[in-house]
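Pasting upload36.pdb here (PDB, C-alpha atoms and all ligand atoms):
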```pdb
ATOM      1  CA  MET P 196       0.000   0.000   0.000  1.00  0.00           C
ATOM      2  CA  LYS P 197       1.262   3.457  -0.899  1.00  0.00           C
ATOM      3  CA  TYR P 198       0.600   4.992   2.515  1.00  0.00           C
ATOM      4  CA  VAL P 199       0.792   8.690   3.374  1.00  0.00           C
ATOM      5  CA  SER P 200       0.690   9.267   7.137  1.00  0.00           C
ATOM      6  CA  ARG P 201      -0.785  12.316   8.851  1.00  0.00           C
ATOM      7  CA  SER P 202       2.646  13.750   9.447  1.00  0.00           C
ATOM      8  CA  ASP P 203       3.577  13.133   5.792  1.00  0.00           C
ATOM      9  CA  TRP P 204       0.714  15.279   4.527  1.00  0.00           C
ATOM     10  CA  GLY P 205       0.828  17.758   7.386  1.00  0.00           C
ATOM     11  CA  ALA P 206      -2.339  17.168   9.419  1.00  0.00           C
ATOM     12  CA  LYS P 207      -2.985  20.058  11.796  1.00  0.00           C
ATOM     13  CA  TYR P 208      -6.144  19.087  13.669  1.00  0.00           C
ATOM     14  CA  GLY P 209      -7.507  16.251  15.817  1.00  0.00           C
ATOM     15  CA  ARG P 210      -8.441  12.634  15.161  1.00  0.00           C
ATOM     16  CA  GLY P 211     -11.837  12.449  16.871  1.00  0.00           C
ATOM     17  CA  PRO P 212     -13.215  10.158  19.587  1.00  0.00           C
ATOM     18  CA  THR P 213     -12.427   6.474  20.066  1.00  0.00           C
ATOM     19  CA  ASN P 214     -15.859   5.029  20.914  1.00  0.00           C
ATOM     20  CA  ILE P 215     -16.439   2.792  17.888  1.00  0.00           C
ATOM     21  CA  THR P 216     -17.240  -0.827  17.040  1.00  0.00           C
ATOM     22  CA  PRO P 217     -16.168  -1.281  13.394  1.00  0.00           C
ATOM     23  CA  GLN P 218     -15.958  -5.048  13.877  1.00  0.00           C
ATOM     24  CA  ARG P 219     -19.779  -4.952  13.846  1.00  0.00           C
ATOM     25  CA  GLY P 220     -19.884  -3.197  10.478  1.00  0.00           C
ATOM     26  CA  GLY P 221     -17.047  -2.405   8.133  1.00  0.00           C
ATOM     27  CA  VAL P 222     -16.220   0.397   5.751  1.00  0.00           C
ATOM     28  CA  ALA P 223     -18.307   3.099   4.084  1.00  0.00           C
ATOM     29  CA  ILE P 224     -17.175   4.518   0.746  1.00  0.00           C
ATOM     30  CA  HIS P 225     -17.382   8.229  -0.081  1.00  0.00           C
ATOM     31  CA  TRP P 226     -16.373  10.646  -2.769  1.00  0.00           C
ATOM     32  CA  GLU P 227     -15.349  14.258  -2.392  1.00  0.00           C
ATOM     33  CA  GLY P 228     -18.453  15.464  -4.255  1.00  0.00           C
ATOM     34  CA  PRO P 229     -17.843  18.324  -6.706  1.00  0.00           C
ATOM     35  CA  LYS P 230     -15.932  17.559  -9.901  1.00  0.00           C
ATOM     36  CA  MET P 231     -12.199  17.649  -9.193  1.00  0.00           C
ATOM     37  CA  GLY P 232     -10.830  17.228 -12.720  1.00  0.00           C
ATOM     38  CA  THR P 233      -7.341  15.856 -13.248  1.00  0.00           C
ATOM     39  CA  PHE P 234      -4.379  16.990 -11.176  1.00  0.00           C
ATOM     40  CA  PRO P 235      -0.837  15.816 -10.490  1.00  0.00           C
ATOM     41  CA  HIS P 236      -0.028  13.783  -7.392  1.00  0.00           C
ATOM     42  CA  SER P 237       2.136  16.672  -6.185  1.00  0.00           C
ATOM     43  CA  SER P 238      -1.064  18.566  -5.370  1.00  0.00           C
ATOM     44  CA  CYS P 239      -2.731  15.740  -3.391  1.00  0.00           C
ATOM     45  CA  ASP P 240      -1.261  16.739   0.006  1.00  0.00           C
ATOM     46  CA  ASP P 241      -2.672  20.181  -0.485  1.00  0.00           C
ATOM     47  CA  LYS P 242      -6.119  18.853  -1.375  1.00  0.00           C
ATOM     48  CA  VAL P 243      -6.193  16.668   1.750  1.00  0.00           C
ATOM     49  CA  ARG P 244      -5.142  19.632   3.908  1.00  0.00           C
ATOM     50  CA  GLY P 245      -7.912  21.674   2.281  1.00  0.00           C
ATOM     51  CA  ILE P 246     -10.520  19.041   3.171  1.00  0.00           C
ATOM     52  CA  GLU P 247      -9.237  18.968   6.751  1.00  0.00           C
ATOM     53  CA  ARG P 248      -9.466  22.744   7.006  1.00  0.00           C
ATOM     54  CA  PHE P 249     -12.987  22.722   5.593  1.00  0.00           C
ATOM     55  CA  HIS P 250     -14.187  20.020   7.995  1.00  0.00           C
ATOM     56  CA  VAL P 251     -12.814  21.865  11.014  1.00  0.00           C
ATOM     57  CA  GLN P 252     -13.539  25.462  10.103  1.00  0.00           C
ATOM     58  CA  SER P 253     -16.849  25.094   8.242  1.00  0.00           C
ATOM     59  CA  ASN P 254     -18.326  21.952   9.786  1.00  0.00           C
ATOM     60  CA  GLY P 255     -16.934  22.389  13.291  1.00  0.00           C
ATOM     61  CA  TRP P 256     -15.576  18.835  13.505  1.00  0.00           C
ATOM     62  CA  ASP P 257     -12.505  17.734  15.482  1.00  0.00           C
ATOM     63  CA  GLY P 258     -10.529  17.086  12.340  1.00  0.00           C
ATOM     64  CA  ILE P 259     -10.818  15.615   8.872  1.00  0.00           C
ATOM     65  CA  ALA P 260     -13.948  13.440   8.836  1.00  0.00           C
ATOM     66  CA  TYR P 261     -12.634  10.403   6.941  1.00  0.00           C
ATOM     67  CA  THR P 262     -10.649   7.453   8.239  1.00  0.00           C
ATOM     68  CA  LEU P 263      -8.638   7.279   5.007  1.00  0.00           C
ATOM     69  CA  LEU P 264      -8.570   9.169   1.717  1.00  0.00           C
ATOM     70  CA  VAL P 265      -7.446   7.700  -1.588  1.00  0.00           C
ATOM     71  CA  CYS P 266      -6.169   9.850  -4.439  1.00  0.00           C
ATOM     72  CA  PRO P 267      -6.603   9.019  -8.143  1.00  0.00           C
ATOM     73  CA  HIS P 268      -2.932   8.013  -8.179  1.00  0.00           C
ATOM     74  CA  GLY P 269      -3.614   5.199  -5.716  1.00  0.00           C
ATOM     75  CA  TYR P 270      -2.043   6.674  -2.574  1.00  0.00           C
ATOM     76  CA  VAL P 271      -3.815   6.021   0.728  1.00  0.00           C
ATOM     77  CA  PHE P 272      -3.797   9.051   3.039  1.00  0.00           C
ATOM     78  CA  GLU P 273      -4.308   8.566   6.761  1.00  0.00           C
ATOM     79  CA  GLY P 274      -7.285  10.674   7.844  1.00  0.00           C
ATOM     80  CA  ARG P 275      -8.514  10.067  11.385  1.00  0.00           C
ATOM     81  CA  GLY P 276      -6.891   6.682  11.081  1.00  0.00           C
ATOM     82  CA  LEU P 277      -7.460   3.449  12.969  1.00  0.00           C
ATOM     83  CA  GLY P 278      -9.545   3.302  16.131  1.00  0.00           C
ATOM     84  CA  ARG P 279     -11.152   6.706  15.624  1.00  0.00           C
ATOM     85  CA  ARG P 280     -14.780   7.528  14.991  1.00  0.00           C
ATOM     86  CA  THR P 281     -15.502   9.041  11.589  1.00  0.00           C
ATOM     87  CA  ALA P 282     -17.806  12.033  11.215  1.00  0.00           C
ATOM     88  CA  ALA P 283     -18.582  11.265   7.579  1.00  0.00           C
ATOM     89  CA  ASN P 284     -21.257   8.592   7.428  1.00  0.00           C
ATOM     90  CA  GLY P 285     -24.299  10.705   8.219  1.00  0.00           C
ATOM     91  CA  THR P 286     -25.836   8.789  11.140  1.00  0.00           C
ATOM     92  CA  ASN P 287     -24.666   7.910  14.642  1.00  0.00           C
ATOM     93  CA  ASP P 288     -25.060   4.203  14.010  1.00  0.00           C
ATOM     94  CA  SER P 289     -23.015   4.210  10.814  1.00  0.00           C
ATOM     95  CA  ASN P 290     -20.301   6.399  12.371  1.00  0.00           C
ATOM     96  CA  GLN P 291     -20.209   3.932  15.238  1.00  0.00           C
ATOM     97  CA  ARG P 292     -19.902   0.788  13.111  1.00  0.00           C
ATOM     98  CA  TYR P 293     -18.229   1.857   9.879  1.00  0.00           C
ATOM     99  CA  TYR P 294     -14.951   3.466   8.998  1.00  0.00           C
ATOM    100  CA  ALA P 295     -15.022   5.930   6.106  1.00  0.00           C
ATOM    101  CA  ILE P 296     -12.811   5.984   3.020  1.00  0.00           C
ATOM    102  CA  CYS P 297     -13.068   8.973   0.697  1.00  0.00           C
ATOM    103  CA  ALA P 298     -12.073   8.780  -2.966  1.00  0.00           C
ATOM    104  CA  LEU P 299     -10.616  12.075  -4.144  1.00  0.00           C
ATOM    105  CA  ILE P 300     -12.940  12.294  -7.117  1.00  0.00           C
ATOM    106  CA  GLY P 301     -16.287  13.987  -7.695  1.00  0.00           C
ATOM    107  CA  LYS P 302     -19.242  14.166 -10.017  1.00  0.00           C
ATOM    108  CA  GLY P 303     -18.283  13.414 -13.611  1.00  0.00           C
ATOM    109  CA  ASP P 304     -14.679  12.487 -12.818  1.00  0.00           C
ATOM    110  CA  ALA P 305     -13.148   9.302 -14.182  1.00  0.00           C
ATOM    111  CA  VAL P 306     -12.503   6.402 -11.805  1.00  0.00           C
ATOM    112  CA  PRO P 307      -8.897   5.414 -12.592  1.00  0.00           C
ATOM    113  CA  GLU P 308      -7.776   1.844 -11.962  1.00  0.00           C
ATOM    114  CA  ALA P 309      -5.061   3.233  -9.649  1.00  0.00           C
ATOM    115  CA  LEU P 310      -7.765   4.782  -7.490  1.00  0.00           C
ATOM    116  CA  LEU P 311      -9.610   1.459  -7.237  1.00  0.00           C
ATOM    117  CA  ASP P 312      -6.330  -0.265  -6.312  1.00  0.00           C
ATOM    118  CA  GLY P 313      -5.878   2.280  -3.538  1.00  0.00           C
ATOM    119  CA  MET P 314      -9.470   1.779  -2.374  1.00  0.00           C
ATOM    120  CA  ARG P 315      -8.914  -1.988  -2.215  1.00  0.00           C
ATOM    121  CA  ASP P 316      -5.688  -1.410  -0.264  1.00  0.00           C
ATOM    122  CA  GLY P 317      -7.520   0.851   2.163  1.00  0.00           C
ATOM    123  CA  VAL P 318     -10.371  -1.611   2.733  1.00  0.00           C
ATOM    124  CA  ALA P 319      -7.907  -4.489   3.229  1.00  0.00           C
ATOM    125  CA  TYR P 320      -5.854  -2.427   5.684  1.00  0.00           C
ATOM    126  CA  LEU P 321      -8.908  -1.619   7.813  1.00  0.00           C
ATOM    127  CA  ARG P 322     -10.065  -5.251   7.708  1.00  0.00           C
ATOM    128  CA  ASP P 323      -6.599  -6.382   8.778  1.00  0.00           C
ATOM    129  CA  HIS P 324      -7.119  -4.307  11.901  1.00  0.00           C
ATOM    130  CA  ASP P 325     -10.604  -4.168  13.358  1.00  0.00           C
ATOM    131  CA  ALA P 326     -13.102  -3.522  10.542  1.00  0.00           C
ATOM    132  CA  GLY P 327     -15.827  -6.045   9.704  1.00  0.00           C
ATOM    133  CA  ASN P 328     -16.214  -7.296   6.136  1.00  0.00           C
ATOM    134  CA  ASP P 329     -19.145  -5.144   5.105  1.00  0.00           C
ATOM    135  CA  VAL P 330     -18.506  -2.415   2.530  1.00  0.00           C
ATOM    136  CA  LYS P 331     -21.269   0.049   1.807  1.00  0.00           C
ATOM    137  CA  PRO P 332     -21.715   3.217  -0.212  1.00  0.00           C
ATOM    138  CA  HIS P 333     -22.458   6.300   1.895  1.00  0.00           C
ATOM    139  CA  SER P 334     -25.894   6.331   0.231  1.00  0.00           C
ATOM    140  CA  ALA P 335     -26.804   3.115   2.064  1.00  0.00           C
ATOM    141  CA  PHE P 336     -27.005   5.099   5.315  1.00  0.00           C
ATOM    142  CA  PHE P 337     -28.133   8.507   4.280  1.00  0.00           C
ATOM    143  CA  SER P 338     -29.946  10.096   1.369  1.00  0.00           C
ATOM    144  CA  THR P 339     -27.020  11.327  -0.710  1.00  0.00           C
ATOM    145  CA  GLU P 340     -25.506  10.937  -4.172  1.00  0.00           C
ATOM    146  CA  CYS P 341     -22.219  10.018  -2.505  1.00  0.00           C
ATOM    147  CA  PRO P 342     -20.123   8.131  -3.659  1.00  0.00           C
ATOM    148  CA  GLY P 343     -21.571   8.398  -7.186  1.00  0.00           C
ATOM    149  CA  ASP P 344     -22.883   5.700  -9.504  1.00  0.00           C
ATOM    150  CA  ARG P 345     -19.514   4.396 -10.649  1.00  0.00           C
ATOM    151  CA  LEU P 346     -18.201   3.706  -7.168  1.00  0.00           C
ATOM    152  CA  ARG P 347     -21.590   2.341  -6.117  1.00  0.00           C
ATOM    153  CA  LYS P 348     -21.400  -0.083  -8.997  1.00  0.00           C
ATOM    154  CA  TRP P 349     -17.833  -0.985  -8.097  1.00  0.00           C
ATOM    155  CA  ILE P 350     -18.910  -1.727  -4.527  1.00  0.00           C
ATOM    156  CA  SER P 351     -21.695  -4.024  -5.679  1.00  0.00           C
ATOM    157  CA  GLY P 352     -19.214  -5.888  -7.850  1.00  0.00           C
ATOM    158  CA  GLY P 353     -20.442  -4.559 -11.168  1.00  0.00           C
ATOM    159  CA  THR P 354     -17.038  -3.371 -12.353  1.00  0.00           C
ATOM    160  CA  GLY P 355     -14.828  -6.073 -10.955  1.00  0.00           C
ATOM    161  CA  GLY P 356     -14.422  -4.448  -7.573  1.00  0.00           C
ATOM    162  CA  GLY P 357     -16.020  -7.370  -5.786  1.00  0.00           C
ATOM    163  CA  ASP P 358     -12.959  -8.327  -3.804  1.00  0.00           C
ATOM    164  CA  GLY P 359     -12.364  -4.977  -2.248  1.00  0.00           C
ATOM    165  CA  GLY P 360     -15.980  -4.061  -2.349  1.00  0.00           C
ATOM    166  CA  GLY P 361     -17.577  -6.689  -0.213  1.00  0.00           C
ATOM    167  CA  GLY P 362     -18.843  -8.826  -3.028  1.00  0.00           C
ATOM    168  CA  GLY P 363     -21.344  -8.543  -5.807  1.00  0.00           C
ATOM    169  CA  GLY P 364     -22.629 -11.962  -6.637  1.00  0.00           C
ATOM    170  CA  GLY P 365     -20.751 -15.057  -5.661  1.00  0.00           C
ATOM    171  CA  GLY P 366     -20.091 -13.749  -2.177  1.00  0.00           C
ATOM    172  CA  LYS P 367     -20.540 -15.633   1.052  1.00  0.00           C
ATOM    173  CA  ALA P 368     -23.935 -15.235   2.702  1.00  0.00           C
ATOM    174  CA  PRO P 369     -24.143 -14.593   6.432  1.00  0.00           C
ATOM    175  CA  ALA P 370     -25.835 -17.470   8.270  1.00  0.00           C
ATOM    176  CA  TRP P 371     -29.611 -17.478   7.864  1.00  0.00           C
ATOM    177  CA  PRO P 372     -30.929 -15.807  11.044  1.00  0.00           C
ATOM    178  CA  GLY P 373     -33.744 -18.344  11.473  1.00  0.00           C
ATOM    179  CA  VAL P 374     -36.492 -15.758  11.065  1.00  0.00           C
ATOM    180  CA  TYR P 375     -38.811 -15.838   8.040  1.00  0.00           C
ATOM    181  CA  LEU P 376     -39.185 -12.275   6.765  1.00  0.00           C
ATOM    182  CA  LYS P 377     -42.763 -11.925   5.578  1.00  0.00           C
ATOM    183  CA  HIS P 378     -45.774  -9.659   5.311  1.00  0.00           C
ATOM    184  CA  PRO P 379     -48.556  -9.246   6.424  1.00  0.00           C
ATOM    185  CA  PRO P 380     -48.184  -8.508   9.244  1.00  0.00           C
ATOM    186  CA  PRO P 381     -44.797  -6.809   8.834  1.00  0.00           C
ATOM    187  CA  THR P 382     -41.784  -8.590  10.323  1.00  0.00           C
ATOM    188  CA  GLU P 383     -39.724  -6.327  12.521  1.00  0.00           C
ATOM    189  CA  HIS P 384     -36.306  -7.860  13.145  1.00  0.00           C
ATOM    190  CA  SER P 385     -32.648  -6.890  12.913  1.00  0.00           C
ATOM    191  CA  SER P 386     -32.217  -9.407  10.089  1.00  0.00           C
ATOM    192  CA  ALA P 387     -34.786  -7.445   8.046  1.00  0.00           C
ATOM    193  CA  ARG P 388     -32.387  -4.517   8.106  1.00  0.00           C
ATOM    194  CA  THR P 389     -29.492  -6.751   7.088  1.00  0.00           C
ATOM    195  CA  TRP P 390     -31.471  -8.123   4.160  1.00  0.00           C
ATOM    196  CA  GLN P 391     -32.800  -4.703   3.095  1.00  0.00           C
ATOM    197  CA  SER P 392     -29.375  -3.169   3.221  1.00  0.00           C
ATOM    198  CA  ARG P 393     -27.922  -5.942   1.073  1.00  0.00           C
ATOM    199  CA  MET P 394     -30.787  -5.555  -1.413  1.00  0.00           C
ATOM    200  CA  ARG P 395     -30.147  -1.834  -1.599  1.00  0.00           C
ATOM    201  CA  GLN P 396     -26.473  -2.560  -2.166  1.00  0.00           C
ATOM    202  CA  ARG P 397     -27.549  -4.786  -5.066  1.00  0.00           C
ATOM    203  CA  GLY P 398     -29.270  -1.772  -6.585  1.00  0.00           C
ATOM    204  CA  TRP P 399     -32.898  -2.201  -5.484  1.00  0.00           C
ATOM    205  CA  THR P 400     -34.899   0.783  -4.297  1.00  0.00           C
ATOM    206  CA  ILE P 401     -35.801  -0.220  -0.769  1.00  0.00           C
ATOM    207  CA  SER P 402     -36.019   1.414   2.662  1.00  0.00           C
ATOM    208  CA  VAL P 403     -33.492   0.080   5.151  1.00  0.00           C
ATOM    209  CA  ASP P 404     -35.604   0.372   8.294  1.00  0.00           C
ATOM    210  CA  GLY P 405     -35.612  -3.118   9.803  1.00  0.00           C
ATOM    211  CA  VAL P 406     -39.312  -3.601   9.047  1.00  0.00           C
ATOM    212  CA  TYR P 407     -40.208  -6.126   6.344  1.00  0.00           C
ATOM    213  CA  GLY P 408     -43.465  -4.662   5.018  1.00  0.00           C
ATOM    214  CA  PRO P 409     -45.219  -4.235   1.654  1.00  0.00           C
ATOM    215  CA  GLN P 410     -42.284  -2.543  -0.107  1.00  0.00           C
ATOM    216  CA  SER P 411     -39.794  -5.186   0.993  1.00  0.00           C
ATOM    217  CA  LYS P 412     -42.198  -7.917  -0.065  1.00  0.00           C
ATOM    218  CA  GLU P 413     -42.632  -6.390  -3.512  1.00  0.00           C
ATOM    219  CA  VAL P 414     -38.859  -6.171  -3.996  1.00  0.00           C
ATOM    220  CA  CYS P 415     -38.496  -9.722  -2.709  1.00  0.00           C
ATOM    221  CA  ILE P 416     -40.999 -11.114  -5.229  1.00  0.00           C
ATOM    222  CA  LYS P 417     -39.267  -9.355  -8.134  1.00  0.00           C
ATOM    223  CA  PHE P 418     -35.914 -10.649  -6.946  1.00  0.00           C
ATOM    224  CA  GLN P 419     -37.229 -14.202  -6.530  1.00  0.00           C
ATOM    225  CA  ARG P 420     -38.713 -14.154 -10.055  1.00  0.00           C
ATOM    226  CA  GLU P 421     -35.463 -12.830 -11.479  1.00  0.00           C
ATOM    227  CA  LYS P 422     -33.476 -15.598  -9.796  1.00  0.00           C
ATOM    228  CA  GLY P 423     -35.925 -18.419 -10.545  1.00  0.00           C
ATOM    229  CA  LEU P 424     -36.803 -18.903  -6.881  1.00  0.00           C
ATOM    230  CA  ASP P 425     -40.265 -19.692  -5.564  1.00  0.00           C
ATOM    231  CA  ALA P 426     -41.852 -16.201  -5.749  1.00  0.00           C
ATOM    232  CA  ASP P 427     -43.722 -16.315  -2.446  1.00  0.00           C
ATOM    233  CA  GLY P 428     -42.473 -12.959  -1.136  1.00  0.00           C
ATOM    234  CA  ILE P 429     -40.986 -14.613   1.944  1.00  0.00           C
ATOM    235  CA  VAL P 430     -37.288 -14.401   2.742  1.00  0.00           C
ATOM    236  CA  GLY P 431     -36.466 -17.899   3.969  1.00  0.00           C
ATOM    237  CA  PRO P 432     -33.133 -19.755   3.810  1.00  0.00           C
ATOM    238  CA  ALA P 433     -32.937 -20.017  -0.018  1.00  0.00           C
ATOM    239  CA  THR P 434     -33.829 -16.395  -0.763  1.00  0.00           C
ATOM    240  CA  TRP P 435     -31.603 -15.200   2.074  1.00  0.00           C
ATOM    241  CA  LYS P 436     -28.654 -17.080   0.608  1.00  0.00           C
ATOM    242  CA  ALA P 437     -29.330 -15.927  -2.966  1.00  0.00           C
ATOM    243  CA  THR P 438     -29.358 -12.334  -1.750  1.00  0.00           C
ATOM    244  CA  TRP P 439     -25.619 -12.657  -1.220  1.00  0.00           C
ATOM    245  CA  THR P 440     -24.530 -15.388  -3.594  1.00  0.00           C
ATOM    246  CA  SER P 441     -26.479 -14.874  -6.821  1.00  0.00           C
ATOM    247  CA  PRO P 442     -24.927 -12.591  -9.447  1.00  0.00           C
ATOM    248  CA  VAL P 443     -26.026  -8.961  -9.492  1.00  0.00           C
ATOM    249  CA  THR P 444     -27.833  -8.514 -12.806  1.00  0.00           C
TER
HETATM  250 ZN    ZN T 501     -20.138  10.573   1.604  1.00  0.00          ZN
HETATM  251 ZN    ZN T 502      -2.279  11.620  -5.701  1.00  0.00          ZN
END
```
Produce structure tokens that represent the structure in this file.
Amino acid sequence: MKYVSRSDWGAKYGRGPTNITPQRGGVAIHWEGPKMGTFPHSSCDDKVRGIERFHVQSNGWDGIAYTLLVCPHGYVFEGRGLGRRTAANGTNDSNQRYYAICALIGKGDAVPEALLDGMRDGVAYLRDHDAGNDVKPHSAFFSTECPGDRLRKWISGGTGGGDGGGGGGGGKAPAWPGVYLKHPPPTEHSSARTWQSRMRQRGWTISVDGVYGPQSKEVCIKFQREKGLDADGIVGPATWKATWTSPVT
């Protein structure tokens, strides 16, 4: 990994609090937002310092919000770093359970292979320490365009990013929780949230609220038809497994 530490890039502010449980989640992927265009690697330090300044002076945070930042040249910049709570994910729960990696690209920018290599390095580095295996786009937690369609697709495995991105199809399913998700009446259970969030990651429009109601059922039936499963609208062991292992189409 081409690592750039805080002292290498000249961090000036804090690293944030330590109360986190990333082993119960994983890594959230972000972009910088506005179009950044192309720039030489010699200007990357300056861009990271600019983001830090903005997060502290305009947002009032302790320091730069992200755990790591990856430039289009594939370098991995230490943001808050390991063991620190990010301020980037948009909700308390996701800041508690997910680290945050920001790609230094924005709307309309290309997604260079070097950047994806750096993103994979960053995810692997966090997993080697205390992050869980889950990788989600920022938009899975919060209504936002971030990290853009191309990175979202990469995360769901659509552009060959499956390894670093937590798997498109062909991944390993978590153990079936033993609860049939069905409606009516709605099923309220933590596994409903897990399933909904995975379905959203696969590209379905679905609320991730932990309640398996009419919308979840409708999505489930479409998914079951698409995958040749029994289209009963109930998430049992077979549908649960297919949610992780069948190819994203
Ligand atoms: Zn974001
Ligand atoms: Zn760079």
From P:Leu263, P:Val271, P:Ile246, P:Ile429, residue lying nearest P:Val374 [all atoms listed in the file]: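 Nearest candidate to P:Val374 out of P:Leu263, P:Val271, P:Ile246, P:Ile429: P:Ile429.
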Show me which residues are within 9 Å of ligand ZN 502 (chain T) counting all atoms listed in the file, and format the list as a list in words.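 Checked against 9 Å with all atoms listed in the file; the hits are Phe234, Pro235, His236, Ser237, Ser238, Cys239, Asp240, Val265, Cys266, Pro267, His268, Gly269, Tyr270, Val271, Leu299 and Leu310 of chain P.
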Dump of C-alpha atoms for the selected residues, as a compact mmCIF listing (two decimals), keeping the file's coordinate frame:
```
# COMPACT_ATOMS: atom_id res chain seq x y z
CA PHE P 234 -4.38 16.99 -11.18
CA PRO P 235 -0.84 15.82 -10.49
CA HIS P 236 -0.03 13.78 -7.39
CA SER P 237 2.14 16.67 -6.18
CA SER P 238 -1.06 18.57 -5.37
CA CYS P 239 -2.73 15.74 -3.39
CA ASP P 240 -1.26 16.74 0.01
CA VAL P 265 -7.45 7.70 -1.59
CA CYS P 266 -6.17 9.85 -4.44
CA PRO P 267 -6.60 9.02 -8.14
CA HIS P 268 -2.93 8.01 -8.18
CA GLY P 269 -3.61 5.20 -5.72
CA TYR P 270 -2.04 6.67 -2.57
CA VAL P 271 -3.82 6.02 0.73
CA LEU P 299 -10.62 12.08 -4.14
CA LEU P 310 -7.76 4.78 -7.49
```
Hey, which residues come within 6 Å of ligand ZN 501 (chain T) if we count all atoms listed in the file? Could you give them as a list of chain:residue names? P:His225, P:Trp226, P:His333, P:Cys341, P:Pro342
Can you list every residue of stretch 254-369 of chain P that has an atom at most 9 Å from stretch 242-245 of chain P, with its nearest atom pair and the distance in Å to one decimal, using all atoms listed in the file, ordered by chain then number, as CSV?
```
residue,atom,partner,partner_atom,distance
P:Ile259,CA,P:Arg244,CA,8.5
P:Leu264,CA,P:Val243,CA,7.9
P:Phe272,CA,P:Val243,CA,8.1
P:Gly274,CA,P:Val243,CA,8.6
P:Leu299,CA,P:Lys242,CA,8.6
```
Next, dump the selected residues to file, keeping only C-alpha atoms, as an mmCIF file, keeping the file's coordinate frame.
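Output below, filename part.cif:
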```cif
data_model
loop_
_atom_site.group_PDB
_atom_site.id
_atom_site.type_symbol
_atom_site.label_atom_id
_atom_site.label_comp_id
_atom_site.auth_asym_id
_atom_site.auth_seq_id
_atom_site.Cartn_x
_atom_site.Cartn_y
_atom_site.Cartn_z
ATOM 1 C CA ILE P 259 -10.818 15.615 8.872
ATOM 2 C CA LEU P 264 -8.570 9.169 1.717
ATOM 3 C CA PHE P 272 -3.797 9.051 3.039
ATOM 4 C CA GLY P 274 -7.285 10.674 7.844
ATOM 5 C CA LEU P 299 -10.616 12.075 -4.144
#
```
Please write the residues picked by the PyMOL selection byres (((chain P and resi 345) around 12) and not hetatm) on this file as a PyMOL selection string. chain P and resi 224-226+298+300-307+311+332+340-344+346-356
Those same residues - C-alpha atoms - I'd like them written as a PDB file, in the coordinates of the input.
```pdb
ATOM      1  CA  ILE P 224     -17.175   4.518   0.746  1.00  0.00           C
ATOM      2  CA  HIS P 225     -17.382   8.229  -0.081  1.00  0.00           C
ATOM      3  CA  TRP P 226     -16.373  10.646  -2.769  1.00  0.00           C
ATOM      4  CA  ALA P 298     -12.073   8.780  -2.966  1.00  0.00           C
ATOM      5  CA  ILE P 300     -12.940  12.294  -7.117  1.00  0.00           C
ATOM      6  CA  GLY P 301     -16.287  13.987  -7.695  1.00  0.00           C
ATOM      7  CA  LYS P 302     -19.242  14.166 -10.017  1.00  0.00           C
ATOM      8  CA  GLY P 303     -18.283  13.414 -13.611  1.00  0.00           C
ATOM      9  CA  ASP P 304     -14.679  12.487 -12.818  1.00  0.00           C
ATOM     10  CA  ALA P 305     -13.148   9.302 -14.182  1.00  0.00           C
ATOM     11  CA  VAL P 306     -12.503   6.402 -11.805  1.00  0.00           C
ATOM     12  CA  PRO P 307      -8.897   5.414 -12.592  1.00  0.00           C
ATOM     13  CA  LEU P 311      -9.610   1.459  -7.237  1.00  0.00           C
ATOM     14  CA  PRO P 332     -21.715   3.217  -0.212  1.00  0.00           C
ATOM     15  CA  GLU P 340     -25.506  10.937  -4.172  1.00  0.00           C
ATOM     16  CA  CYS P 341     -22.219  10.018  -2.505  1.00  0.00           C
ATOM     17  CA  PRO P 342     -20.123   8.131  -3.659  1.00  0.00           C
ATOM     18  CA  GLY P 343     -21.571   8.398  -7.186  1.00  0.00           C
ATOM     19  CA  ASP P 344     -22.883   5.700  -9.504  1.00  0.00           C
ATOM     20  CA  LEU P 346     -18.201   3.706  -7.168  1.00  0.00           C
ATOM     21  CA  ARG P 347     -21.590   2.341  -6.117  1.00  0.00           C
ATOM     22  CA  LYS P 348     -21.400  -0.083  -8.997  1.00  0.00           C
ATOM     23  CA  TRP P 349     -17.833  -0.985  -8.097  1.00  0.00           C
ATOM     24  CA  ILE P 350     -18.910  -1.727  -4.527  1.00  0.00           C
ATOM     25  CA  SER P 351     -21.695  -4.024  -5.679  1.00  0.00           C
ATOM     26  CA  GLY P 352     -19.214  -5.888  -7.850  1.00  0.00           C
ATOM     27  CA  GLY P 353     -20.442  -4.559 -11.168  1.00  0.00           C
ATOM     28  CA  THR P 354     -17.038  -3.371 -12.353  1.00  0.00           C
ATOM     29  CA  GLY P 355     -14.828  -6.073 -10.955  1.00  0.00           C
ATOM     30  CA  GLY P 356     -14.422  -4.448  -7.573  1.00  0.00           C
TER      31      GLY P 356
END
```
P:Gln391, P:Ser289, P:Thr434, P:Ser402: which is nearest P:Ala368, counting only C-alpha atoms?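 When distances to P:Ala368 are compared using only C-alpha atoms, the smallest one comes from P:Thr434.
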Applied to this file, what does the PyMOL selection byres (((chain P and resi 218) around 10) and not hetatm) return in terms of residues, put as a PyMOL selection string? chain P and resi 215-217+219-222+292-294+321-322+324-329
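Nearest to P:Gln396 of all the residues P:Trp204, P:Tyr261, P:Trp371, P:Phe336 is P:Phe336, based on only C-alpha atoms.
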Distance of atom CA of P:Phe337 from atom CA of P:Pro372, expressed in Å to one decimal place: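 These atoms are spaced 25.4 Å apart.
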Residues within 10 Å of P:Pro380, please, as a list of chain:residue names. Count all atoms listed in the file; anything in the same chain fewer than 6 positions from it doesn't count. P:Tyr407, P:Gly408, P:Pro409
What residues come out when you apply the PyMOL selection byres (((chain P and resi 281-283) around 8) and not hetatm) to this file, written as a PyMOL selection string? chain P and resi 211+256+260-262+275+279-280+284-285+290-291+293-295
Quote the spacing between atom CA of P:Glu247 and atom CA of P:Arg201 in Å to one decimal place.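 Here the two named atoms are 11.0 Å from each other.
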